[in-house]
file upload.txt (compact mmCIF, C-alpha atoms)
# COMPACT_ATOMS: atom_id res chain seq x y z
CA MET A 1 -30.51 4.63 -19.87
CA ARG A 2 -29.81 2.59 -16.75
CA ILE A 3 -26.05 2.21 -16.25
CA GLY A 4 -24.58 -0.62 -14.23
CA ILE A 5 -21.05 -0.08 -12.94
CA ASP A 6 -18.78 -2.87 -11.75
CA ALA A 7 -16.74 -1.16 -9.05
CA THR A 8 -15.67 -4.29 -7.19
CA ILE A 9 -12.07 -3.17 -7.60
CA CYS A 10 -12.85 -0.83 -4.66
CA ILE A 11 -12.07 -3.04 -1.67
CA THR A 12 -10.30 -0.69 0.77
CA LYS A 13 -10.62 2.69 2.45
CA GLU A 14 -7.09 3.48 1.21
CA PRO A 15 -7.48 3.30 -2.59
CA THR A 16 -4.60 3.64 -5.02
CA GLY A 17 -4.52 3.87 -8.83
CA LEU A 18 -7.41 1.67 -10.01
CA GLY A 19 -9.56 2.51 -7.01
CA ILE A 20 -8.93 6.25 -7.30
CA TYR A 21 -9.91 6.17 -10.98
CA THR A 22 -13.08 4.17 -10.27
CA ILE A 23 -14.26 6.34 -7.38
CA ASN A 24 -13.72 9.62 -9.22
CA ILE A 25 -15.38 8.47 -12.45
CA ILE A 26 -18.41 7.23 -10.51
CA ASN A 27 -18.71 10.48 -8.55
CA ALA A 28 -18.43 12.56 -11.71
CA LEU A 29 -20.91 10.37 -13.63
CA SER A 30 -23.43 10.64 -10.80
CA LYS A 31 -23.47 14.43 -11.22
CA ILE A 32 -24.57 14.22 -14.86
CA HIS A 33 -26.62 11.01 -14.98
CA ASP A 34 -29.04 9.91 -12.29
CA ASP A 35 -29.86 6.32 -13.26
CA LEU A 36 -26.84 4.41 -11.93
CA VAL A 37 -26.40 1.11 -10.11
CA VAL A 38 -22.95 0.53 -8.59
CA TRP A 39 -21.72 -2.84 -7.33
CA THR A 40 -18.82 -2.35 -4.92
CA VAL A 41 -17.10 -3.91 -1.94
CA ASP A 42 -16.15 -0.64 -0.24
CA GLU A 43 -18.04 2.60 -0.92
CA SER A 44 -15.61 4.91 0.88
CA GLY A 45 -15.14 8.09 -1.13
CA MET A 46 -18.23 7.59 -3.27
CA THR A 47 -20.59 10.56 -3.08
CA LEU A 48 -23.62 9.25 -4.97
CA GLY A 49 -26.82 8.35 -3.13
CA LYS A 50 -26.84 5.18 -1.03
CA GLU A 51 -29.86 3.93 -2.98
CA LYS A 52 -27.61 3.53 -6.04
CA ILE A 53 -24.97 1.42 -4.25
CA ARG A 54 -25.15 -2.37 -4.04
CA PRO A 55 -22.61 -3.75 -1.55
CA VAL A 56 -21.33 -7.16 -2.69
CA LEU A 57 -18.76 -9.73 -1.58
CA GLN A 58 -19.17 -8.50 1.99
CA GLY A 59 -18.74 -11.98 3.44
CA LEU A 60 -15.28 -12.20 1.87
CA ARG A 61 -13.89 -8.85 3.02
CA PHE A 62 -11.74 -10.72 5.53
CA THR A 63 -9.52 -11.74 2.59
CA GLY A 64 -8.40 -8.09 2.37
CA LYS A 65 -6.31 -7.21 -0.65
CA ASN A 66 -6.45 -10.84 -1.83
CA LEU A 67 -10.08 -10.33 -2.76
CA TYR A 68 -8.95 -9.52 -6.30
CA GLN A 69 -8.45 -13.26 -6.85
CA ILE A 70 -12.17 -13.89 -6.29
CA ARG A 71 -13.42 -11.00 -8.45
CA PRO A 72 -13.28 -12.83 -11.83
CA PHE A 73 -15.38 -15.72 -10.48
CA TRP A 74 -17.94 -13.31 -8.99
CA ILE A 75 -18.09 -11.26 -12.19
CA GLU A 76 -18.70 -14.26 -14.43
CA SER A 77 -21.05 -16.14 -12.08
CA PHE A 78 -23.12 -13.48 -10.33
CA LEU A 79 -22.89 -10.13 -12.16
CA PRO A 80 -24.99 -11.17 -15.22
CA HIS A 81 -27.90 -12.17 -12.93
CA LEU A 82 -27.65 -8.92 -10.97
CA MET A 83 -27.60 -6.92 -14.21
CA LYS A 84 -30.78 -8.64 -15.37
CA ARG A 85 -32.50 -8.13 -12.01
CA GLU A 86 -31.69 -4.41 -12.06
CA GLY A 87 -32.79 -3.91 -15.68
CA ILE A 88 -29.39 -2.57 -16.71
CA ASP A 89 -29.10 -1.13 -20.25
CA ILE A 90 -25.29 -0.92 -20.40
CA LEU A 91 -22.44 -2.19 -18.25
CA PHE A 92 -19.43 0.01 -17.52
CA SER A 93 -16.31 -1.71 -16.18
CA SER A 94 -13.73 0.66 -14.71
CA VAL A 95 -10.91 -1.90 -15.03
CA PRO A 96 -10.02 -4.41 -17.75
CA SER A 97 -10.68 -7.44 -15.52
CA ALA A 98 -14.30 -7.37 -16.60
CA LEU A 99 -17.14 -9.55 -17.85
CA SER A 100 -15.99 -11.76 -20.72
CA ARG A 101 -19.38 -11.85 -22.46
CA SER A 102 -22.33 -9.55 -21.91
CA ARG A 103 -25.87 -9.78 -23.26
CA ILE A 104 -26.11 -5.98 -23.17
CA PRO A 105 -23.66 -3.31 -24.41
CA HIS A 106 -20.45 -3.35 -22.40
CA LEU A 107 -17.88 -0.55 -22.12
CA SER A 108 -14.61 -1.64 -20.50
CA THR A 109 -11.61 0.45 -19.42
CA VAL A 110 -7.93 -0.39 -19.94
CA LEU A 111 -5.63 1.73 -17.82
CA ASP A 112 -2.39 -0.01 -18.77
CA ILE A 113 -0.92 -3.42 -19.57
CA ILE A 114 1.75 -3.43 -16.88
CA PRO A 115 1.19 -7.15 -16.04
CA LEU A 116 2.34 -8.01 -19.57
CA ILE A 117 5.32 -5.65 -19.66
CA PHE A 118 6.47 -6.13 -16.06
CA PRO A 119 5.08 -9.56 -15.11
CA GLY A 120 7.58 -9.96 -12.29
CA GLU A 121 5.95 -7.07 -10.41
CA MET A 122 2.47 -8.56 -10.41
CA PRO A 123 0.86 -11.52 -8.62
CA ALA A 124 0.63 -14.60 -10.83
CA PRO A 125 -3.22 -14.53 -10.99
CA VAL A 126 -3.12 -10.98 -12.39
CA VAL A 127 -0.57 -11.92 -15.04
CA TRP A 128 -2.65 -14.99 -15.95
CA ASN A 129 -5.73 -12.78 -16.26
CA TYR A 130 -4.02 -10.40 -18.67
CA LYS A 131 -2.59 -13.21 -20.76
CA TYR A 132 -5.51 -15.60 -21.01
CA ARG A 133 -8.75 -13.92 -19.91
CA MET A 134 -8.27 -10.39 -21.18
CA PRO A 135 -8.16 -11.23 -24.91
CA GLU A 136 -11.76 -12.52 -24.75
CA ILE A 137 -12.93 -9.58 -22.63
CA LEU A 138 -11.43 -7.00 -24.99
CA LYS A 139 -12.66 -8.83 -28.09
CA ASN A 140 -16.27 -9.06 -26.87
CA ALA A 141 -16.66 -5.61 -25.26
CA SER A 142 -18.79 -3.21 -27.29
CA ALA A 143 -16.05 -0.58 -27.00
CA LEU A 144 -12.98 0.16 -24.91
CA VAL A 145 -11.83 3.22 -23.01
CA THR A 146 -8.06 3.76 -22.78
CA ILE A 147 -6.69 6.43 -20.46
CA SER A 148 -3.92 7.60 -22.80
CA GLU A 149 -2.93 7.35 -26.43
CA HIS A 150 0.10 5.39 -25.26
CA THR A 151 -2.10 2.76 -23.60
CA LYS A 152 -4.25 2.64 -26.74
CA LYS A 153 -1.19 1.81 -28.84
CA ASP A 154 -0.06 -0.80 -26.30
CA VAL A 155 -3.46 -2.52 -26.41
CA GLU A 156 -3.50 -2.46 -30.19
CA ARG A 157 0.01 -3.95 -30.34
CA HIS A 158 -0.35 -6.64 -27.66
CA TYR A 159 -3.97 -7.69 -28.24
CA SER A 160 -4.46 -6.85 -31.94
CA ILE A 161 -7.52 -4.72 -31.14
CA ASN A 162 -8.91 -2.47 -33.87
CA PRO A 163 -8.01 1.08 -32.76
CA GLN A 164 -11.40 2.30 -33.97
CA ARG A 165 -12.99 0.34 -31.11
CA MET A 166 -10.83 2.20 -28.57
CA HIS A 167 -11.50 5.71 -27.27
CA THR A 168 -8.93 7.67 -25.30
CA VAL A 169 -10.37 9.42 -22.24
CA HIS A 170 -7.73 11.06 -20.08
CA LEU A 171 -7.93 11.02 -16.30
CA GLY A 172 -8.79 14.06 -14.25
CA TYR A 173 -7.74 15.05 -10.75
CA ASP A 174 -9.62 16.05 -7.60
CA GLU A 175 -9.79 19.82 -7.98
CA ASP A 176 -11.35 20.23 -4.54
CA ASN A 177 -8.44 18.51 -2.81
CA PHE A 178 -5.39 19.22 -4.97
CA ARG A 179 -4.57 22.92 -4.94
CA PRO A 180 -1.76 24.98 -3.39
CA LYS A 181 -1.98 24.48 0.36
CA ASP A 182 0.68 25.78 2.70
CA SER A 183 0.41 23.91 5.99
CA ALA A 184 3.32 23.99 8.41
CA ALA A 185 1.33 21.79 10.80
CA VAL A 186 1.03 18.97 8.25
CA LEU A 187 4.70 19.21 7.25
CA THR A 188 5.80 19.23 10.89
CA ARG A 189 3.82 16.04 11.48
CA TYR A 190 5.95 14.37 8.82
CA GLY A 191 9.20 15.98 9.96
CA LEU A 192 9.52 18.20 6.88
CA GLU A 193 10.24 21.86 6.17
CA SER A 194 8.68 23.84 3.33
CA LYS A 195 10.82 23.82 0.17
CA GLY A 196 13.39 21.70 1.99
CA TYR A 197 12.76 18.45 0.12
CA LEU A 198 12.27 16.75 -3.23
CA LEU A 199 9.12 14.62 -3.43
CA TYR A 200 8.06 11.38 -5.10
CA VAL A 201 4.50 9.99 -4.70
CA GLY A 202 3.59 6.46 -5.75
CA ASN A 203 4.34 2.83 -5.00
CA ALA A 204 7.82 1.33 -4.89
CA SER A 205 7.61 -1.28 -7.65
CA PRO A 206 10.75 -1.65 -9.79
CA ARG A 207 9.22 0.14 -12.80
CA LYS A 208 8.95 3.28 -10.66
CA ASN A 209 12.75 3.44 -10.96
CA LEU A 210 13.40 4.53 -7.39
CA ASP A 211 16.80 2.83 -7.35
CA THR A 212 17.97 5.14 -10.15
CA LEU A 213 16.38 8.14 -8.45
CA ILE A 214 18.19 7.39 -5.18
CA LYS A 215 21.50 6.91 -7.01
CA ALA A 216 21.01 10.21 -8.88
CA TYR A 217 20.13 11.96 -5.62
CA SER A 218 23.32 10.62 -4.02
CA GLN A 219 25.30 12.45 -6.70
CA VAL A 220 23.79 15.86 -5.87
CA ILE A 221 23.60 15.86 -2.07
CA PRO A 222 26.96 17.62 -1.72
CA SER A 223 25.46 20.50 -3.75
CA ILE A 224 21.91 20.82 -2.37
CA PRO A 225 20.47 20.76 1.17
CA HIS A 226 17.15 19.16 0.20
CA LYS A 227 15.96 15.83 1.54
CA LEU A 228 14.38 13.22 -0.75
CA VAL A 229 10.91 12.10 0.35
CA LEU A 230 9.52 8.85 -1.09
CA CYS A 231 5.83 8.81 -0.31
CA GLY A 232 3.51 5.84 -0.92
CA ALA A 233 2.56 2.33 0.16
CA LYS A 234 5.43 -0.16 0.15
CA THR A 235 5.69 -3.87 0.78
CA GLY A 236 8.07 -5.13 3.46
CA LYS A 237 10.44 -6.37 0.74
CA GLU A 238 10.40 -3.00 -1.04
CA THR A 239 11.07 -1.11 2.19
CA LYS A 240 14.02 -3.39 2.95
CA GLN A 241 15.48 -2.88 -0.53
CA LEU A 242 15.11 0.89 -0.28
CA ARG A 243 16.80 0.95 3.13
CA GLU A 244 19.68 -1.09 1.71
CA LEU A 245 20.11 1.46 -1.10
CA ILE A 246 19.97 4.34 1.36
CA SER A 247 22.69 2.67 3.43
CA ARG A 248 24.83 1.85 0.35
CA TYR A 249 24.90 5.51 -0.69
CA ASN A 250 25.30 6.80 2.89
CA LEU A 251 22.03 8.71 2.74
CA GLY A 252 20.85 8.09 6.27
CA GLY A 253 18.84 11.11 7.43
CA ARG A 254 18.61 12.50 3.90
CA VAL A 255 16.02 10.11 2.43
CA VAL A 256 12.62 9.95 4.14
CA LEU A 257 10.37 6.91 3.58
CA LEU A 258 6.70 7.64 4.13
CA ASP A 259 4.04 4.98 3.78
CA TYR A 260 0.47 5.65 2.59
CA VAL A 261 -0.20 9.34 3.34
CA ARG A 262 -3.68 10.55 4.24
CA TYR A 263 -5.44 11.87 1.14
CA THR A 264 -6.13 15.26 2.68
CA ASP A 265 -2.46 15.63 3.68
CA LEU A 266 -1.09 15.10 0.18
CA PRO A 267 -1.72 18.67 -1.09
CA ALA A 268 0.41 20.09 1.72
CA LEU A 269 3.23 17.63 0.92
CA TYR A 270 3.08 18.53 -2.77
CA THR A 271 2.93 22.27 -2.07
CA GLY A 272 5.83 22.13 0.37
CA ALA A 273 8.14 20.32 -2.06
CA ALA A 274 10.80 22.27 -3.92
CA LEU A 275 10.48 19.83 -6.81
CA PHE A 276 8.32 16.81 -7.67
CA VAL A 277 10.43 14.03 -9.22
CA TYR A 278 8.75 11.24 -11.21
CA VAL A 279 11.23 9.18 -13.22
CA SER A 280 9.07 6.11 -13.77
CA LEU A 281 9.98 3.71 -16.58
CA TYR A 282 6.37 3.04 -17.56
CA GLU A 283 3.01 4.68 -16.86
CA GLY A 284 -0.44 4.20 -18.31
CA PHE A 285 -1.07 7.84 -17.39
CA GLY A 286 0.81 9.29 -14.40
CA LEU A 287 -1.83 10.91 -12.18
CA PRO A 288 0.61 12.20 -9.48
CA ILE A 289 2.03 14.54 -12.14
CA LEU A 290 -1.33 16.30 -12.42
CA GLU A 291 -1.75 16.40 -8.65
CA ALA A 292 1.67 18.00 -8.21
CA MET A 293 1.00 20.56 -10.94
CA ALA A 294 -2.37 21.43 -9.41
CA CYS A 295 -0.56 22.22 -6.14
CA GLY A 296 1.86 24.52 -7.95
CA THR A 297 4.82 22.15 -7.59
CA PRO A 298 7.47 22.18 -10.36
CA VAL A 299 7.78 18.77 -12.03
CA LEU A 300 10.75 16.77 -13.28
CA ALA A 301 9.52 13.62 -15.05
CA SER A 302 10.32 10.88 -17.53
CA SER A 303 10.25 11.47 -21.26
CA THR A 304 8.82 7.99 -21.90
CA THR A 305 5.48 6.17 -22.31
CA SER A 306 2.40 8.27 -21.46
CA ILE A 307 4.14 10.90 -19.33
CA PRO A 308 4.83 13.48 -22.07
CA GLU A 309 1.15 13.18 -23.05
CA VAL A 310 0.19 14.25 -19.54
CA ALA A 311 2.92 16.75 -18.75
CA GLY A 312 3.08 18.50 -22.12
CA ASP A 313 5.60 21.33 -22.02
CA ALA A 314 4.84 22.11 -18.37
CA ALA A 315 7.54 19.83 -16.93
CA ARG A 316 11.24 19.15 -17.42
CA LEU A 317 11.34 15.76 -19.14
CA ILE A 318 14.39 13.50 -19.02
CA ASP A 319 15.46 9.98 -19.94
CA PRO A 320 14.64 7.89 -16.83
CA ALA A 321 17.47 5.48 -17.61
CA ASP A 322 20.07 8.25 -17.57
CA CYS A 323 21.12 8.63 -13.95
CA ASP A 324 23.53 11.48 -14.69
CA SER A 325 20.82 13.40 -16.53
CA ILE A 326 18.45 13.03 -13.57
CA ALA A 327 21.14 14.25 -11.17
CA HIS A 328 22.07 17.19 -13.41
CA SER A 329 18.42 18.23 -13.83
CA ILE A 330 17.71 18.09 -10.10
CA LYS A 331 20.76 20.21 -9.29
CA GLU A 332 20.08 22.69 -12.09
CA LEU A 333 16.40 23.17 -11.25
CA VAL A 334 16.62 23.57 -7.47
CA SER A 335 19.41 26.10 -7.99
CA ASP A 336 17.27 28.19 -10.36
CA PRO A 337 14.28 29.84 -8.60
CA LYS A 338 13.20 31.56 -11.81
CA ARG A 339 13.01 28.28 -13.70
CA LEU A 340 11.08 26.70 -10.82
CA ARG A 341 8.53 29.54 -10.90
CA LEU A 342 8.11 29.12 -14.66
CA LEU A 343 7.49 25.39 -14.27
CA SER A 344 5.09 26.01 -11.40
CA ASN A 345 3.02 28.48 -13.43
CA ALA A 346 3.07 26.22 -16.48
CA GLY A 347 1.89 23.28 -14.38
CA LEU A 348 -0.98 25.26 -12.84
CA LYS A 349 -2.12 26.10 -16.35
CA ARG A 350 -1.59 22.62 -17.78
CA CYS A 351 -3.58 20.74 -15.14
CA LYS A 352 -6.71 22.75 -15.96
CA GLU A 353 -6.92 20.84 -19.25
CA PHE A 354 -7.84 17.71 -17.25
CA SER A 355 -10.90 17.11 -15.07
CA TRP A 356 -13.00 14.17 -13.89
CA ASP A 357 -16.12 16.03 -15.07
CA LYS A 358 -14.69 16.15 -18.59
CA SER A 359 -13.72 12.48 -18.41
CA ALA A 360 -17.19 11.47 -17.20
CA GLN A 361 -18.91 13.48 -19.93
CA GLN A 362 -16.85 11.72 -22.60
CA ILE A 363 -17.63 8.30 -21.13
CA LEU A 364 -21.35 9.08 -20.83
CA SER A 365 -21.48 10.23 -24.47
CA LEU A 366 -19.76 7.01 -25.51
CA MET A 367 -22.21 4.89 -23.54
CA LYS A 368 -25.18 6.68 -25.11
CA SER A 369 -23.77 5.88 -28.55
CA LEU A 370 -23.64 2.18 -27.64
CA VAL A 371 -27.23 1.89 -26.39
CA HIS A 372 -29.69 1.66 -29.27

call {"tool": "encode", "arguments": {"input": "upload.txt", "output": "structure tokens"}}
result
Amino acid sequence: MRIGIDATICITKEPTGLGIYTINIINALSKIHDDLVVWTVDESGMTLGKEKIRPVLQGLRFTGKNLYQIRPFWIESFLPHLMKREGIDILFSSVPSALSRSRIPHLSTVLDIIPLIFPGEMPAPVVWNYKYRMPEILKNASALVTISEHTKKDVERHYSINPQRMHTVHLGYDEDNFRPKDSAAVLTRYGLESKGYLLYVGNASPRKNLDTLIKAYSQVIPSIPHKLVLCGAKTGKETKQLRELISRYNLGGRVVLLDYVRYTDLPALYTGAALFVYVSLYEGFGLPILEAMACGTPVLASSTTSIPEVAGDAARLIDPADCDSIAHSIKELVSDPKRLRLLSNAGLKRCKEFSWDKSAQQILSLMKSLVH
């Protein structure tokens, strides 16, 4: 079985959600199946042999992150010919912006439907794609992978897809990178002290609920010495809005804004945190929760969407819309070392239920069932 993988979502050496998923699934698949062909823009992080990688869209890399606008045209116009030339038996798309019609079996992944639920957070072309192109893609795919039961229900509700055509395959995490790692040198580089801060990792879009988190934090700073570290890529507009909130609540010096942090530095930041706080309003999965747990960091997270599915009983779950509840939980947890140790141990155990190898094995079995 010759598997073709559309990985053209990978366009940068600093991948986030979709790119991280794609890279890790490809690396895990390559360990259990040898006959792969991968079309990608940027191969950084991919560990499979160079002979399996087909660099594409190289002449358009100058467009940077705007390359996503060209992907649909390339997929529809060029990918079918490349599939035929390579003798591909099945196409695997790691994101839902995939091929609308395929002459061979096609397995497509849906990570979430955020552009439909929070259209204001997404570029107009992405929203258009989810509204008008996605229905045909999902209807014509041989089967669909969803990364959580919550996403599966969302897809069924918004696109009227038969749930029997959808298969939930949870994400994994990078076990080689994310593990407890005490590193004073790394923390010093970021101006932090071990166990002296609360940590959030992710982007700063409105659904991440950072305004409520900052407000809740402002209520507890008289009671705790910890800083609040907001780690992740931010647009200029988002940074400005966060700084305005920090000023409004007189939190200068107490809230630390970090941009994209080097992948190999993240374990030290997780490990050094007294508490990982993730009060997002909506997640298709919530990978940073697993990463924090794998580093032994106690987790406080939302009780909504897919997050309870990921966290299980290994995190304190709260209503992300309840600012007072967030504040109370932060204060209560950081003041209770025994409870923090219990959460840490529970998280270390919980994260072992997830792995990219397990995810890849499930996807490979599904692909084999589609190729006759």

call {"tool": "residues_around", "arguments": {"input": "upload.txt", "residues": "Arg54 (chain A)", "least_positions_apart": "4", "cutoff": "12 Å", "atoms": "all atoms listed in the file", "output": "NGL selection string"}}
result
:A and (4-8 or 36-43 or 48-50 or 58 or 79 or 82-83 or 86)

call {"tool": "atom_distance", "arguments": {"input": "upload.txt", "atom1": "CA of Leu364 (chain A)", "atom2": "CA of Arg101 (chain A)"}}
result
21.1 Å

call {"tool": "atom_distance", "arguments": {"input": "upload.txt", "atom1": "CA of Met367 (chain A)", "atom2": "CA of Ile70 (chain A)"}}
result
27.4 Å

call {"tool": "residues_around", "arguments": {"input": "upload.txt", "residues": "Asn24 (chain A)", "least_positions_apart": "5", "cutoff": "12 Å", "atoms": "all atoms listed in the file", "output": "list in words"}}
result
Ala7, Cys10, Pro15, Thr16, Gly17, Leu18, Gly19, Leu29, Ser30, Lys31, Glu43, Ser44, Gly45, Met46, Thr47, Leu48, Ser94, Leu171, Gly172, Tyr173, Asp174, Glu175, Asp176, Ser355, Trp356, Asp357, Lys358, Ser359 and Ala360 of chain A

call {"tool": "closest_atom_pairs", "arguments": {"input": "upload.txt", "of": "region 311-339 of chain A", "to": "region 196-206 of chain A", "cutoff": "12 Å", "atoms": "only C-alpha atoms", "output": "JSON lines"}}
result
{"residue": "A:Ile330", "atom": "CA", "partner": "A:Leu198", "partner_atom": "CA", "distance": 8.9}
{"residue": "A:Lys331", "atom": "CA", "partner": "A:Leu198", "partner_atom": "CA", "distance": 11.0}
{"residue": "A:Leu333", "atom": "CA", "partner": "A:Leu198", "partner_atom": "CA", "distance": 11.1}
{"residue": "A:Val334", "atom": "CA", "partner": "A:Leu198", "partner_atom": "CA", "distance": 9.1}

call {"tool": "closest_residue", "arguments": {"input": "upload.txt", "among": "A:Leu192, A:Ile20, A:Leu99, A:Val127", "to": "Gln69 (chain A)", "atoms": "all atoms listed in the file"}}
result
A:Val127

call {"tool": "closest_residue", "arguments": {"input": "upload.txt", "among": "A:Ser302, A:Val110, A:Ser142, A:Trp128", "to": "Asp154 (chain A)", "atoms": "all atoms listed in the file"}}
result
A:Val110

call {"tool": "closest_residue", "arguments": {"input": "upload.txt", "among": "A:Ile113, A:Leu187, A:Val229, A:Ala143", "to": "His158 (chain A)", "atoms": "only C-alpha atoms"}}
result
A:Ile113

call {"tool": "atom_distance", "arguments": {"input": "upload.txt", "atom1": "CA of Tyr278 (chain A)", "atom2": "CA of Gly253 (chain A)"}}
result
21.2 Å

call {"tool": "residues_around", "arguments": {"input": "upload.txt", "residues": "region 213-223 of chain A", "least_positions_apart": "2", "cutoff": "9 Å", "atoms": "all atoms listed in the file", "output": "list in words"}}
result
Asn209, Leu210, Asp211, Pro225, His226, Lys227, Leu228, Leu242, Leu245, Ile246, Tyr249, Asn250, Leu251, Arg254, Val255, Val277, Tyr278, Val279, Pro320, Asp322, Cys323, Asp324, Ser325, Ile326, Ala327, His328, Ile330 and Lys331 of chain A

call {"tool": "residues_around", "arguments": {"input": "upload.txt", "residues": "Met134 (chain A)", "least_positions_apart": "6", "cutoff": "9 Å", "atoms": "all atoms listed in the file", "output": "ChimeraX atom specification"}}
result
/A:96-98,100,128,159

call {"tool": "closest_residue", "arguments": {"input": "upload.txt", "among": "A:Arg341, A:Val186, A:Thr212, A:Lys352", "to": "Thr264 (chain A)", "atoms": "only C-alpha atoms"}}
result
A:Val186

call {"tool": "closest_atom_pairs", "arguments": {"input": "upload.txt", "of": "region 43-136 of chain A", "to": "region 281-295 of chain A", "cutoff": "8 Å", "atoms": "only C-alpha atoms", "output": "JSON lines"}}
result
{"residue": "A:Leu111", "atom": "CA", "partner": "A:Gly284", "partner_atom": "CA", "distance": 5.8}
{"residue": "A:Asp112", "atom": "CA", "partner": "A:Gly284", "partner_atom": "CA", "distance": 4.7}
{"residue": "A:Ile113", "atom": "CA", "partner": "A:Gly284", "partner_atom": "CA", "distance": 7.7}
{"residue": "A:Ile114", "atom": "CA", "partner": "A:Tyr282", "partner_atom": "CA", "distance": 8.0}

call {"tool": "closest_residue", "arguments": {"input": "upload.txt", "among": "A:Lys13, A:Arg179, A:His150, A:Arg103", "to": "Leu348 (chain A)", "atoms": "only C-alpha atoms"}}
result
A:Arg179

call {"tool": "closest_residue", "arguments": {"input": "upload.txt", "among": "A:Met1, A:Val145, A:Ile363, A:Ile224", "to": "Ser108 (chain A)", "atoms": "all atoms listed in the file"}}
result
A:Val145

call {"tool": "build_atoms", "arguments": {"input": "upload.txt", "residues": "region 274-291 of chain A", "atoms": "N, CA and C atoms", "output": "PDB file, in the frame of the given file"}}
result
ATOM      1  N   ALA A 274      10.097  21.383  -2.995  1.00  0.00           N
ATOM      2  CA  ALA A 274      10.800  22.270  -3.920  1.00  0.00           C
ATOM      3  C   ALA A 274      10.656  21.768  -5.349  1.00  0.00           C
ATOM      4  N   LEU A 275      10.553  20.432  -5.488  1.00  0.00           N
ATOM      5  CA  LEU A 275      10.480  19.830  -6.810  1.00  0.00           C
ATOM      6  C   LEU A 275       9.826  18.454  -6.684  1.00  0.00           C
ATOM      7  N   PHE A 276       8.918  18.136  -7.611  1.00  0.00           N
ATOM      8  CA  PHE A 276       8.320  16.810  -7.670  1.00  0.00           C
ATOM      9  C   PHE A 276       9.080  16.011  -8.729  1.00  0.00           C
ATOM     10  N   VAL A 277       9.584  14.831  -8.333  1.00  0.00           N
ATOM     11  CA  VAL A 277      10.430  14.030  -9.220  1.00  0.00           C
ATOM     12  C   VAL A 277       9.743  12.699  -9.508  1.00  0.00           C
ATOM     13  N   TYR A 278       9.503  12.420 -10.802  1.00  0.00           N
ATOM     14  CA  TYR A 278       8.750  11.240 -11.210  1.00  0.00           C
ATOM     15  C   TYR A 278       9.434  10.609 -12.403  1.00  0.00           C
ATOM     16  N   VAL A 279      10.404   9.734 -12.137  1.00  0.00           N
ATOM     17  CA  VAL A 279      11.230   9.180 -13.220  1.00  0.00           C
ATOM     18  C   VAL A 279      10.864   7.729 -13.510  1.00  0.00           C
ATOM     19  N   SER A 280       9.586   7.449 -13.511  1.00  0.00           N
ATOM     20  CA  SER A 280       9.070   6.110 -13.770  1.00  0.00           C
ATOM     21  C   SER A 280       9.441   5.629 -15.169  1.00  0.00           C
ATOM     22  N   LEU A 281       9.639   4.311 -15.282  1.00  0.00           N
ATOM     23  CA  LEU A 281       9.980   3.710 -16.580  1.00  0.00           C
ATOM     24  C   LEU A 281       8.748   3.481 -17.443  1.00  0.00           C
ATOM     25  N   TYR A 282       7.589   3.312 -16.794  1.00  0.00           N
ATOM     26  CA  TYR A 282       6.370   3.040 -17.560  1.00  0.00           C
ATOM     27  C   TYR A 282       5.154   3.511 -16.775  1.00  0.00           C
ATOM     28  N   GLU A 283       4.272   4.240 -17.443  1.00  0.00           N
ATOM     29  CA  GLU A 283       3.010   4.680 -16.860  1.00  0.00           C
ATOM     30  C   GLU A 283       1.900   4.573 -17.893  1.00  0.00           C
ATOM     31  N   GLY A 284       0.716   4.145 -17.427  1.00  0.00           N
ATOM     32  CA  GLY A 284      -0.440   4.200 -18.310  1.00  0.00           C
ATOM     33  C   GLY A 284      -0.972   5.612 -18.419  1.00  0.00           C
ATOM     34  N   PHE A 285      -0.695   6.425 -17.379  1.00  0.00           N
ATOM     35  CA  PHE A 285      -1.070   7.840 -17.390  1.00  0.00           C
ATOM     36  C   PHE A 285      -0.065   8.660 -16.584  1.00  0.00           C
ATOM     37  N   GLY A 286      -0.095   8.530 -15.265  1.00  0.00           N
ATOM     38  CA  GLY A 286       0.810   9.290 -14.400  1.00  0.00           C
ATOM     39  C   GLY A 286       0.076  10.373 -13.631  1.00  0.00           C
ATOM     40  N   LEU A 287      -0.973   9.960 -12.885  1.00  0.00           N
ATOM     41  CA  LEU A 287      -1.830  10.910 -12.180  1.00  0.00           C
ATOM     42  C   LEU A 287      -1.094  11.804 -11.179  1.00  0.00           C
ATOM     43  N   PRO A 288      -0.081  11.310 -10.432  1.00  0.00           N
ATOM     44  CA  PRO A 288       0.610  12.200  -9.480  1.00  0.00           C
ATOM     45  C   PRO A 288       1.209  13.446 -10.141  1.00  0.00           C
ATOM     46  N   ILE A 289       1.514  13.367 -11.430  1.00  0.00           N
ATOM     47  CA  ILE A 289       2.030  14.540 -12.140  1.00  0.00           C
ATOM     48  C   ILE A 289       0.989  15.655 -12.135  1.00  0.00           C
ATOM     49  N   LEU A 290      -0.259  15.300 -12.431  1.00  0.00           N
ATOM     50  CA  LEU A 290      -1.330  16.300 -12.420  1.00  0.00           C
ATOM     51  C   LEU A 290      -1.555  16.855 -11.021  1.00  0.00           C
ATOM     52  N   GLU A 291      -1.530  15.961 -10.025  1.00  0.00           N
ATOM     53  CA  GLU A 291      -1.750  16.400  -8.650  1.00  0.00           C
ATOM     54  C   GLU A 291      -0.679  17.385  -8.215  1.00  0.00           C
TER      55      GLU A 291
END
